[in-house]
Amino acid sequence: MASHLKVKGEWYVPVFYLFFAIWSGVFAVTRYSIPEEMKEGSVVANLAADLGLNVNSLAERKVKLDILHSRKYLDVNKETGELYIVEKIDREYICIMKTSSCLLKMDVILEKPERIFYFELEILDINDNAPHFRRETMHLDILESAVAGERFSLTNAVDPDMGSNSIKTYYISENENFSLDIQTGSDGSKYANLVLKKSLDREKQAVHNLILTAVDGGVPARSGTTSIIVRVQDVNDNAPQFDRQIYYVNISENSPIGTPVMKLNATDLDEGTNAEIIYSFTLYTSEKTQDLFSLNSNTGELKVKGIIDFEDIKTLEMHIQAHDKGTNQLSGQCTVIVFVNDVNDNHPGITITSLKGTVKENVPVGTVIALISISDRDSGDNGVVDIIINGKLPFALNKSSDNDFTLVVSEPLDREKVSEYDITFIVTDRGAPPLSDNETITLELLDINDNAPQFPKTFYTIPVMENNGPGSLLSSVAAVDPDLHENQYLVYFIIEKEIANTSMSMLFSINPENGDLYALKTFDYEREKEFLFHIEARDSGVPPLSSNVTVHIIIVDQNDNTPVIVSPWSAHGSVVEEVIPRSIDKGHLVSKVIAIDGDSVHNSRITYQFLQLTDATLFSLDQYNGEIRTMRMFSYRDARHQRMVVLAKDNGDPALSATVTIKLSTVEQAVKVYSDTMEVPLEYDIFSDLNLYLVISLGAVSFLLLMTILVTIVLKCQKPKPTKAAPPVCRNSIISQRNSTIADSTLISSDAYWYSLFLAETRKGKVVVRQPVPKAGYIISSLPRSTGLTETSESAASTLQYSK
């Protein structure tokens with residue numbers, strides 16, 4: 001069934017179709033089709049006639065239209081039953097994402113009785129949108145070397161319309177160099193590529209302005225345009241050109257240096273670096289000519305550079321090229337012919353023969369260096385020439401004839417003071433005004449080995465940080481020799497000597513070529529503190545000369561030993577338990593933490609502090625002696641068990657530390673408190689089986705150590721004396737022997753320390769057990785801090801265990 005449109009009393013041919021669909025006889029869906037952008041008030045259809053409704057009952061049944069859309073584009077006339085346009089419908093706005101049909105779903109609702117009719121309104125597209133480009137101007141940079149047929153992508157135009165109303169084709173403004181290639185995408189969209197149909201020449205046209213037009217398929221067709229600016233990028237395709245191929249110029253002889261001759265000018269049609277020009281002489285220009293004239297490479301200006309003499313040369317010819325700075329450089333050439341104009345300027349001349357360019361520095365006085373002849377083209381007094389040596393030099397001229405002289409050595413020579421002489425001879429005629437000339441010769445002195453190597457210092461003190469890596473560079477002990485060549489080539493070596501049966505070559509090495517001194521082993525400040533030896537530098541002359549210097553190596557301590565807490569003792573980080581009565585007074589000594597450190601005095605200063613503490617108001621810790629005392633009396637609120645973690649930290653940088661955990665238990669019954677210094681009997685058998693084994697082990701180790709020292713002393717005393725005079729005992733030997741003796745006594749002192757520690761701990765009601773050392777462990781025993789020495793060695797004996 002068809003419907004009609006009525007706008008302002010006029011009837012139009014229907015441009016839509018009505019579709020009915022009935023499901024199971026219950027309800028029907030009616031579909032109408034209208035074009036978008038219909039005017040307000042236009043009638044879409046007569047719903048009363050199409051739905052078979054009585055027009056007179058529409059108002060009584062309260063007919064209304066329910067549109068399933070955010071805006072109300074249509075309504076029902078209750079008097080006529082017509083469906084009409086309330087607001088213009090823009091298909092691109094409603095169905096912005098739809099590429100097929102665009103439907104508006106609506107319901108017609110009636111009351112008395114209630115009834116609902118369903119229908120759909122299809123919005124048909126019209127060509128109401130023109131194509132447009134996202135950018136008003138497109139910029140393309142194309143090299144002028146681009147070949148014909150090369151393609152360049154262009155930005156597509158967009159058209160919100162659909163189907164035949166969308167973009168159909170593209171056009172480009174008329175031009176000689178470009179054309180369009182229009183392609184169709186898989187979705188039917190059109191896009192265009194710019195095709196180069198004729199090669200470009202930037203020097204003729206640097207910028208091309210094109211107009212790209214997109215046209216849709218609507219009736220009438222709509223279009224949109226954008227501007228395409230094609231910038232032609234330069235390539236180096238033009239060589240520099242001079243305005244003339246041959247230039248002629250006149251110049252007077254003896255023109256001052258710097259006198260302008262002419263300025264060349266070449267042009268290049270390219271741009272940028274391709275147009276920047278560099279001027280230079282070609283290989284066809286003689287070196288003599290290049291010595292007489294200078295050419296500014298940037299400006300092309302020619303100037304006088306040397307003395308121009310008409311008597312020597314009357315015409316000069318220069319071949320000059322100009323090349324650009326392009327990647328593939330292009331060049332142009334020209335010729336400059338210079339005519340020299342003569343003036344009365346005949347100067348005296350000098351001729352040098354039999355010249356010795358080199359002599360040894362110890363050449364005798366009176367040795368002939370060269371033969372010199374003087375001349376002048378003039379006559380009379382103008383031809384009489386006098387010659388002198390410029391400056392005060394150790395040379396003299398001996399006259400052998402009127403115009404012949406010999407150059408001889410007049411004073412002893414020393415190459416180390418002056419290695420080369422530039423001898424300038426000045427000749428002057430007796431004309432008015434007099435004319436003069438000069439000539440310079442260079443005399444080089446050959447070296448002889450007359451200087452021994454010299455060290456900058458007579459004594460080197462080199463600090464070396466302990467725990468250095470083997471092969472590390474300590475310092476450079478380099479000497480200098482003012483001689484030359486093989487007389488200057490130095491060889492360095494360490495003068496061999498032994499310290500405590502150890503050769504210096506086993507401890508240090510020196511690079512024989514540059515004097516770099518290296519350590520061959522890792523030094524330990526706790527074992528060795530200094531070394532003293534000599535280094536010799538010898539040149540390669542004949543005969544060789546040498547000198548030596550004293551080197552003092554000082555080992556600097558490093559904080560490489562972690563503090564070890566020896567009291568209260570805890571095995572493998574276990575918790576130390578202490579029992580104290582709750583009735584103790586303020587200031588009572590609860591415990592004392594003792595830590596030792598094997599480093600030097602500065603690094604081994606130990607300070608103590610709490611890391612963790614159950615009650616910070618109950619205990620205090622002396623940071624220097626490690627004493628833990630009560631700050632007040634216990635109250636009934638205080639916990640029976642107090643836990644504290646004490647940190648022992650040395651004074652190194654960075655500092656090393658160790659911790660011990662102490663668990664204090666308080667008891668109500670009275671416990672007899674003893675003084676820190678008084679000795680009391682033990683509350684249990686001190687000689688338990690474990691302690692008895694410990695005492696026997698300590699005695700055995702001490703006995704074996706004592707026997708070892710005695711045997712060593714006997715062997716030393718029986719060692720035969722060398723036949724030749726023994727070298728003086730150096731400071732290092734005494735120090736090393738003293739360290740060895742101290743180190744031996746250290747172990748005995750260590751046993752005594754552990755025994756005193758054993759007594760101190762047992763007075764507190766505890767048993768001290770020396771733990772056996774596992775494999776890869778270290779035994780650390782310390783001397784009193786006044787000695788400043790520490791002995792570290794591997795041993796199977798049981799002692800304090802410390803893992804690095």
# chains A, B, ... in the order shown; residues from 1 in each chain; ligands from 1
>>> select_by_dssp(residues="segment 348-540 of chain A", states="helix (DSSP H, G or I)", output="number ranges by chain")
A: 380-383, 485-487, 504-507
>>> write_last_selection(atoms="all heavy atoms", output="compact mmCIF listing (two decimals), in the first residue's frame")
# COMPACT_ATOMS: atom_id res chain seq x y z
N GLY A 380 129.98 48.92 -10.00
CA GLY A 380 130.43 50.01 -9.15
C GLY A 380 130.12 49.74 -7.70
O GLY A 380 130.14 48.60 -7.21
N ASP A 381 129.86 50.85 -7.00
CA ASP A 381 129.52 50.69 -5.58
C ASP A 381 128.24 49.88 -5.38
O ASP A 381 128.07 49.24 -4.35
CB ASP A 381 129.36 52.06 -4.92
CG ASP A 381 130.71 52.79 -4.79
OD1 ASP A 381 131.74 52.09 -4.83
OD2 ASP A 381 130.69 54.01 -4.65
N ASN A 382 127.36 49.95 -6.37
CA ASN A 382 126.13 49.17 -6.25
C ASN A 382 126.39 47.68 -6.33
O ASN A 382 125.56 46.88 -5.91
CB ASN A 382 125.13 49.56 -7.35
CG ASN A 382 124.67 51.01 -7.20
OD1 ASN A 382 124.59 51.53 -6.09
ND2 ASN A 382 124.37 51.65 -8.33
N GLY A 383 127.57 47.29 -6.90
CA GLY A 383 127.91 45.89 -7.01
C GLY A 383 128.82 45.40 -5.90
O GLY A 383 129.14 44.20 -5.84
N HIS A 485 117.31 9.61 20.43
CA HIS A 485 117.36 8.29 19.80
C HIS A 485 117.82 7.23 20.79
O HIS A 485 117.30 7.20 21.92
CB HIS A 485 118.22 8.34 18.54
CG HIS A 485 117.83 9.42 17.59
ND1 HIS A 485 116.53 9.54 17.11
CD2 HIS A 485 118.53 10.46 17.06
CE1 HIS A 485 116.45 10.59 16.32
NE2 HIS A 485 117.65 11.18 16.27
N GLU A 486 118.77 6.38 20.40
CA GLU A 486 119.16 5.30 21.30
C GLU A 486 119.79 5.82 22.58
O GLU A 486 119.75 5.15 23.61
CB GLU A 486 120.13 4.33 20.60
CG GLU A 486 121.48 4.93 20.24
CD GLU A 486 121.45 5.64 18.89
OE1 GLU A 486 120.38 5.66 18.26
OE2 GLU A 486 122.50 6.15 18.47
N ASN A 487 120.34 7.02 22.54
CA ASN A 487 120.90 7.60 23.76
C ASN A 487 119.82 8.02 24.74
O ASN A 487 120.09 8.29 25.91
CB ASN A 487 121.77 8.82 23.42
CG ASN A 487 122.93 8.47 22.51
OD1 ASN A 487 123.47 7.36 22.61
ND2 ASN A 487 123.31 9.38 21.62
N MET A 504 113.19 -8.81 46.05
CA MET A 504 112.32 -7.71 45.64
C MET A 504 111.60 -8.04 44.32
O MET A 504 110.50 -7.57 44.07
CB MET A 504 113.13 -6.42 45.47
CG MET A 504 113.54 -5.75 46.75
SD MET A 504 112.14 -5.09 47.68
CE MET A 504 111.96 -6.34 48.92
N SER A 505 112.26 -8.83 43.47
CA SER A 505 111.63 -9.17 42.19
C SER A 505 110.44 -10.09 42.37
O SER A 505 109.64 -10.26 41.44
CB SER A 505 112.66 -9.85 41.28
OG SER A 505 113.15 -11.04 41.87
N MET A 506 110.28 -10.70 43.56
CA MET A 506 109.10 -11.51 43.84
C MET A 506 107.96 -10.66 44.38
O MET A 506 106.81 -11.11 44.42
CB MET A 506 109.45 -12.63 44.84
CG MET A 506 110.50 -13.60 44.34
SD MET A 506 110.93 -14.82 45.58
CE MET A 506 109.38 -15.66 45.78
N LEU A 507 108.28 -9.45 44.81
CA LEU A 507 107.26 -8.58 45.37
C LEU A 507 106.82 -7.50 44.39
O LEU A 507 105.65 -7.13 44.34
CB LEU A 507 107.77 -7.91 46.65
CG LEU A 507 108.20 -8.84 47.79
CD1 LEU A 507 108.77 -8.04 48.94
CD2 LEU A 507 107.04 -9.71 48.25
>>> residues_around(residues="Arg629 of chain A", least_positions_apart="6", cutoff="6 Å", atoms="only C-alpha atoms", output="list in words")
Gly587, His588, Leu589, Val590, Phe619 and Ser620 of chain A
>>> closest_atom_pairs(of="segment 134-185 of chain A", to="segment 71-94 of chain A", cutoff="12 Å", atoms="only C-alpha atoms", output="CSV")
residue,atom,partner,partner_atom,distance
A:Asp159,CA,A:Glu92,CA,10.1
A:Pro160,CA,A:Glu92,CA,6.4
A:Asp161,CA,A:Glu92,CA,7.1
A:Met162,CA,A:Glu92,CA,9.0
>>> write_last_selection(atoms="N, CA, C and O atoms", output="tab-separated table (two decimals), in the first residue's frame")
chain	number	residue	atom	x	y	z
A	159	ASP	N	33.65	12.05	2.73
A	159	ASP	CA	32.29	12.49	2.40
A	159	ASP	C	31.34	11.68	3.26
A	159	ASP	O	31.31	10.45	3.19
A	160	PRO	N	30.54	12.34	4.14
A	160	PRO	CA	29.65	11.58	5.04
A	160	PRO	C	28.55	10.85	4.29
A	160	PRO	O	27.92	9.93	4.85
A	161	ASP	N	28.24	11.25	3.04
A	161	ASP	CA	27.18	10.57	2.31
A	161	ASP	C	27.58	9.16	1.95
A	161	ASP	O	28.75	8.78	2.04
A	162	MET	N	26.56	8.39	1.51
A	162	MET	CA	26.77	6.97	1.25
A	162	MET	C	26.49	6.66	-0.21
A	162	MET	O	25.84	7.42	-0.93
>>> residues_around(residues="segment 183-199 of chain A", least_positions_apart="6", cutoff="7 Å", atoms="only C-alpha atoms", output="VMD selection string")
chain A and resid 146 to 154 156 167 to 170 177
>>> write_last_selection(atoms="all heavy atoms", output="tab-separated table (two decimals), in the first residue's frame")
chain	number	residue	atom	x	y	z
A	146	ALA	N	64.31	12.91	-8.68
A	146	ALA	CA	63.28	11.87	-8.77
A	146	ALA	C	62.98	11.56	-10.24
A	146	ALA	O	62.91	12.45	-11.08
A	146	ALA	CB	62.02	12.34	-8.06
A	147	VAL	N	62.82	10.28	-10.52
A	147	VAL	CA	62.60	9.84	-11.90
A	147	VAL	C	61.12	9.85	-12.21
A	147	VAL	O	60.26	9.74	-11.32
A	147	VAL	CB	63.19	8.43	-12.12
A	147	VAL	CG1	64.68	8.45	-11.93
A	147	VAL	CG2	62.54	7.43	-11.17
A	148	ALA	N	60.80	9.97	-13.50
A	148	ALA	CA	59.41	9.96	-13.95
A	148	ALA	C	58.77	8.62	-13.60
A	148	ALA	O	59.38	7.56	-13.74
A	148	ALA	CB	59.33	10.23	-15.45
A	149	GLY	N	57.53	8.67	-13.15
A	149	GLY	CA	56.82	7.46	-12.73
A	149	GLY	C	56.83	7.25	-11.24
A	149	GLY	O	56.10	6.39	-10.72
A	150	GLU	N	57.62	8.01	-10.50
A	150	GLU	CA	57.64	7.87	-9.04
A	150	GLU	C	56.32	8.38	-8.46
A	150	GLU	O	55.79	9.39	-8.90
A	150	GLU	CB	58.82	8.64	-8.47
A	150	GLU	CG	59.09	8.34	-7.01
A	150	GLU	CD	60.43	8.86	-6.55
A	150	GLU	OE1	61.27	9.22	-7.42
A	150	GLU	OE2	60.64	8.89	-5.34
A	151	ARG	N	55.81	7.68	-7.45
A	151	ARG	CA	54.48	7.96	-6.91
A	151	ARG	C	54.63	8.52	-5.49
A	151	ARG	O	55.53	8.12	-4.74
A	151	ARG	CB	53.64	6.67	-6.88
A	151	ARG	CG	53.54	5.99	-8.24
A	151	ARG	CD	53.08	4.55	-8.08
A	151	ARG	NE	51.71	4.46	-7.62
A	151	ARG	CZ	50.66	4.44	-8.44
A	151	ARG	NH1	50.84	4.49	-9.76
A	151	ARG	NH2	49.43	4.36	-7.96
A	152	PHE	N	53.67	9.36	-5.12
A	152	PHE	CA	53.66	9.98	-3.81
A	152	PHE	C	52.23	9.95	-3.27
A	152	PHE	O	51.28	10.32	-3.97
A	152	PHE	CB	54.17	11.44	-3.87
A	152	PHE	CG	55.51	11.57	-4.52
A	152	PHE	CD1	55.62	11.82	-5.88
A	152	PHE	CD2	56.67	11.41	-3.78
A	152	PHE	CE1	56.85	11.94	-6.48
A	152	PHE	CE2	57.91	11.53	-4.37
A	152	PHE	CZ	58.01	11.79	-5.72
A	153	SER	N	52.07	9.48	-2.05
A	153	SER	CA	50.75	9.35	-1.44
A	153	SER	C	50.19	10.71	-1.06
A	153	SER	O	50.92	11.59	-0.60
A	153	SER	CB	50.83	8.45	-0.20
A	153	SER	OG	51.25	7.15	-0.56
A	154	LEU	N	48.85	10.84	-1.26
A	154	LEU	CA	48.15	12.07	-0.90
A	154	LEU	C	47.09	11.76	0.15
A	154	LEU	O	46.59	10.62	0.24
A	154	LEU	CB	47.48	12.69	-2.13
A	154	LEU	CG	48.40	13.10	-3.27
A	154	LEU	CD1	47.59	13.62	-4.44
A	154	LEU	CD2	49.40	14.16	-2.81
A	156	ASN	N	43.52	11.46	1.66
A	156	ASN	CA	42.20	11.26	1.07
A	156	ASN	C	41.22	12.32	1.53
A	156	ASN	O	41.33	12.89	2.62
A	156	ASN	CB	41.66	9.88	1.44
A	156	ASN	CG	42.51	8.77	0.86
A	156	ASN	OD1	43.30	9.01	-0.04
A	156	ASN	ND2	42.34	7.58	1.37
A	167	ILE	N	32.42	9.87	-2.47
A	167	ILE	CA	33.46	10.36	-3.39
A	167	ILE	C	33.56	9.41	-4.58
A	167	ILE	O	33.68	8.18	-4.42
A	167	ILE	CB	34.81	10.47	-2.66
A	167	ILE	CG1	34.69	11.54	-1.57
A	167	ILE	CG2	35.92	10.83	-3.63
A	167	ILE	CD1	35.91	11.65	-0.72
A	168	LYS	N	33.58	10.01	-5.78
A	168	LYS	CA	33.63	9.22	-7.01
A	168	LYS	C	35.00	9.31	-7.67
A	168	LYS	O	35.52	8.32	-8.17
A	168	LYS	CB	32.54	9.69	-7.97
A	168	LYS	CG	32.47	8.89	-9.27
A	168	LYS	CD	31.35	9.41	-10.15
A	168	LYS	CE	31.26	8.61	-11.46
A	168	LYS	NZ	30.17	9.11	-12.34
A	169	THR	N	35.60	10.49	-7.70
A	169	THR	CA	36.88	10.63	-8.39
A	169	THR	C	37.61	11.86	-7.86
A	169	THR	O	37.07	12.63	-7.04
A	169	THR	CB	36.68	10.75	-9.90
A	169	THR	OG1	37.98	10.71	-10.54
A	169	THR	CG2	35.97	12.04	-10.27
A	170	TYR	N	38.89	12.03	-8.32
A	170	TYR	CA	39.73	13.16	-7.97
A	170	TYR	C	40.24	13.81	-9.26
A	170	TYR	O	40.44	13.14	-10.29
A	170	TYR	CB	40.96	12.73	-7.14
A	170	TYR	CG	40.61	12.24	-5.75
A	170	TYR	CD1	40.33	10.90	-5.52
A	170	TYR	CD2	40.59	13.10	-4.66
A	170	TYR	CE1	40.03	10.42	-4.25
A	170	TYR	CE2	40.30	12.65	-3.39
A	170	TYR	CZ	40.02	11.32	-3.19
A	170	TYR	OH	39.73	10.86	-1.93
A	177	ASN	N	54.14	18.53	-14.89
A	177	ASN	CA	55.01	17.55	-14.22
A	177	ASN	C	54.27	16.45	-13.48
A	177	ASN	O	54.86	15.41	-13.20
A	177	ASN	CB	55.93	18.29	-13.22
A	177	ASN	CG	56.80	19.31	-13.90
A	177	ASN	OD1	56.45	20.47	-13.98
A	177	ASN	ND2	57.95	18.87	-14.41
>>> select_by_dssp(residues="segment 336-475 of chain A", states="strand (DSSP E)", output="ChimeraX atom specification")
/A:336-341,349-353,358-360,368-375,385-389,395-399,404-409,420-429,436-446,459-465,473-475
>>> residues_around(residues="Asp483 of chain A", least_positions_apart="6", cutoff="12 Å", atoms="only C-alpha atoms", output="MDAnalysis selection string")
chainID A and resid 361 414:419 445:454 489:490 539:541 544:545
>>> write_last_selection(atoms="N, CA and C atoms", output="PDB file, in the first residue's frame")
ATOM      1  N   GLU A 361     127.374  17.232  17.980  1.00  0.00           N
ATOM      2  CA  GLU A 361     127.446  18.349  18.919  1.00  0.00           C
ATOM      3  C   GLU A 361     128.846  18.545  19.493  1.00  0.00           C
ATOM      4  N   ASP A 414     126.412  22.611  22.002  1.00  0.00           N
ATOM      5  CA  ASP A 414     125.736  21.706  22.946  1.00  0.00           C
ATOM      6  C   ASP A 414     124.306  21.491  22.435  1.00  0.00           C
ATOM      7  N   ARG A 415     124.006  20.275  21.980  1.00  0.00           N
ATOM      8  CA  ARG A 415     122.685  20.003  21.409  1.00  0.00           C
ATOM      9  C   ARG A 415     121.582  20.123  22.441  1.00  0.00           C
ATOM     10  N   GLU A 416     121.892  19.786  23.702  1.00  0.00           N
ATOM     11  CA  GLU A 416     120.855  19.850  24.731  1.00  0.00           C
ATOM     12  C   GLU A 416     120.410  21.287  25.014  1.00  0.00           C
ATOM     13  N   LYS A 417     121.246  22.262  24.696  1.00  0.00           N
ATOM     14  CA  LYS A 417     120.866  23.662  24.860  1.00  0.00           C
ATOM     15  C   LYS A 417     120.196  24.192  23.593  1.00  0.00           C
ATOM     16  N   VAL A 418     120.823  23.982  22.458  1.00  0.00           N
ATOM     17  CA  VAL A 418     120.261  24.388  21.173  1.00  0.00           C
ATOM     18  C   VAL A 418     120.451  23.217  20.217  1.00  0.00           C
ATOM     19  N   SER A 419     119.333  22.638  19.764  1.00  0.00           N
ATOM     20  CA  SER A 419     119.422  21.449  18.915  1.00  0.00           C
ATOM     21  C   SER A 419     119.507  21.792  17.434  1.00  0.00           C
ATOM     22  N   LEU A 445     122.171  19.683  14.907  1.00  0.00           N
ATOM     23  CA  LEU A 445     123.219  19.049  15.701  1.00  0.00           C
ATOM     24  C   LEU A 445     122.826  17.615  16.016  1.00  0.00           C
ATOM     25  N   LEU A 446     123.753  16.693  15.772  1.00  0.00           N
ATOM     26  CA  LEU A 446     123.530  15.283  16.071  1.00  0.00           C
ATOM     27  C   LEU A 446     123.928  14.989  17.506  1.00  0.00           C
ATOM     28  N   ASP A 447     123.141  14.140  18.142  1.00  0.00           N
ATOM     29  CA  ASP A 447     123.336  13.855  19.572  1.00  0.00           C
ATOM     30  C   ASP A 447     124.452  12.847  19.790  1.00  0.00           C
ATOM     31  N   ILE A 448     125.175  13.016  20.896  1.00  0.00           N
ATOM     32  CA  ILE A 448     126.076  11.991  21.428  1.00  0.00           C
ATOM     33  C   ILE A 448     125.630  11.711  22.856  1.00  0.00           C
ATOM     34  N   ASN A 449     125.997  10.543  23.352  1.00  0.00           N
ATOM     35  CA  ASN A 449     125.537  10.129  24.680  1.00  0.00           C
ATOM     36  C   ASN A 449     126.399  10.787  25.742  1.00  0.00           C
ATOM     37  N   ASP A 450     126.055  12.018  26.087  1.00  0.00           N
ATOM     38  CA  ASP A 450     126.828  12.775  27.075  1.00  0.00           C
ATOM     39  C   ASP A 450     125.989  13.171  28.271  1.00  0.00           C
ATOM     40  N   ASN A 451     124.793  12.601  28.413  1.00  0.00           N
ATOM     41  CA  ASN A 451     123.929  12.916  29.554  1.00  0.00           C
ATOM     42  C   ASN A 451     123.370  11.622  30.148  1.00  0.00           C
ATOM     43  N   ALA A 452     123.530  11.467  31.444  1.00  0.00           N
ATOM     44  CA  ALA A 452     122.969  10.300  32.137  1.00  0.00           C
ATOM     45  C   ALA A 452     121.492  10.537  32.427  1.00  0.00           C
ATOM     46  N   PRO A 453     120.687   9.475  32.517  1.00  0.00           N
ATOM     47  CA  PRO A 453     119.272   9.648  32.870  1.00  0.00           C
ATOM     48  C   PRO A 453     119.129  10.338  34.223  1.00  0.00           C
ATOM     49  N   GLN A 454     118.102  11.150  34.352  1.00  0.00           N
ATOM     50  CA  GLN A 454     117.844  11.877  35.583  1.00  0.00           C
ATOM     51  C   GLN A 454     116.412  11.637  36.029  1.00  0.00           C
ATOM     52  N   TYR A 489     116.767   6.207  24.848  1.00  0.00           N
ATOM     53  CA  TYR A 489     115.943   5.050  25.184  1.00  0.00           C
ATOM     54  C   TYR A 489     116.406   4.471  26.515  1.00  0.00           C
ATOM     55  N   LEU A 490     115.519   4.469  27.502  1.00  0.00           N
ATOM     56  CA  LEU A 490     115.858   4.045  28.857  1.00  0.00           C
ATOM     57  C   LEU A 490     115.290   2.672  29.147  1.00  0.00           C
ATOM     58  N   ASP A 539     120.423   4.152  29.935  1.00  0.00           N
ATOM     59  CA  ASP A 539     120.137   4.445  28.538  1.00  0.00           C
ATOM     60  C   ASP A 539     120.793   3.407  27.637  1.00  0.00           C
ATOM     61  N   SER A 540     120.568   3.537  26.319  1.00  0.00           N
ATOM     62  CA  SER A 540     121.058   2.550  25.354  1.00  0.00           C
ATOM     63  C   SER A 540     122.226   3.085  24.553  1.00  0.00           C
ATOM     64  N   GLY A 541     122.863   4.118  25.049  1.00  0.00           N
ATOM     65  CA  GLY A 541     124.005   4.678  24.340  1.00  0.00           C
ATOM     66  C   GLY A 541     125.236   3.791  24.446  1.00  0.00           C
ATOM     67  N   PRO A 544     126.808   2.985  27.739  1.00  0.00           N
ATOM     68  CA  PRO A 544     125.568   3.383  28.415  1.00  0.00           C
ATOM     69  C   PRO A 544     125.838   4.157  29.695  1.00  0.00           C
ATOM     70  N   LEU A 545     124.921   5.077  30.004  1.00  0.00           N
ATOM     71  CA  LEU A 545     124.972   5.836  31.248  1.00  0.00           C
ATOM     72  C   LEU A 545     123.737   5.492  32.073  1.00  0.00           C
TER      73      LEU A 545
END
>>> residues_around(residues="Tyr460 of chain A", least_positions_apart="5", cutoff="12 Å", atoms="only C-alpha atoms", output="list in words")
Phe455, Leu474, Ser475, Ser476, Val477, Ala478, Leu517, Phe531, Leu532, Phe533, His534, Ile535, Asn548, Val549, Thr550, Val551, His552, Ile553 and Ile554 of chain A
>>> residues_around(residues="Asp597 of chain A", least_positions_apart="4", cutoff="9 Å", atoms="only C-alpha atoms", output="tab-separated table (two decimals) with C-alpha atoms, in the first residue's frame")
chain	number	residue	atom	x	y	z
A	561	ASN	CA	88.70	-6.89	59.43
A	562	THR	CA	85.23	-7.06	60.92
A	563	PRO	CA	84.98	-6.63	64.67
A	564	VAL	CA	84.70	-9.93	66.53
A	603	ASN	CA	90.16	1.49	62.01
A	604	SER	CA	90.00	-0.77	65.07
A	605	ARG	CA	88.38	1.73	67.46
A	606	ILE	CA	85.21	0.02	68.56
A	650	ASP	CA	84.70	-0.10	64.07
A	782	SER	CA	95.40	-10.20	68.31
A	790	THR	CA	97.60	-8.77	63.88
>>> closest_residue(among="A:Glu136, A:Glu122, A:Asp50, A:Glu111", to="Glu36 of chain A", atoms="only C-alpha atoms")
A:Glu122
>>> residues_around(residues="Leu397 of chain A", least_positions_apart="2", cutoff="8 Å", atoms="only C-alpha atoms", output="ChimeraX atom specification")
/A:388-389,395,399,405-408
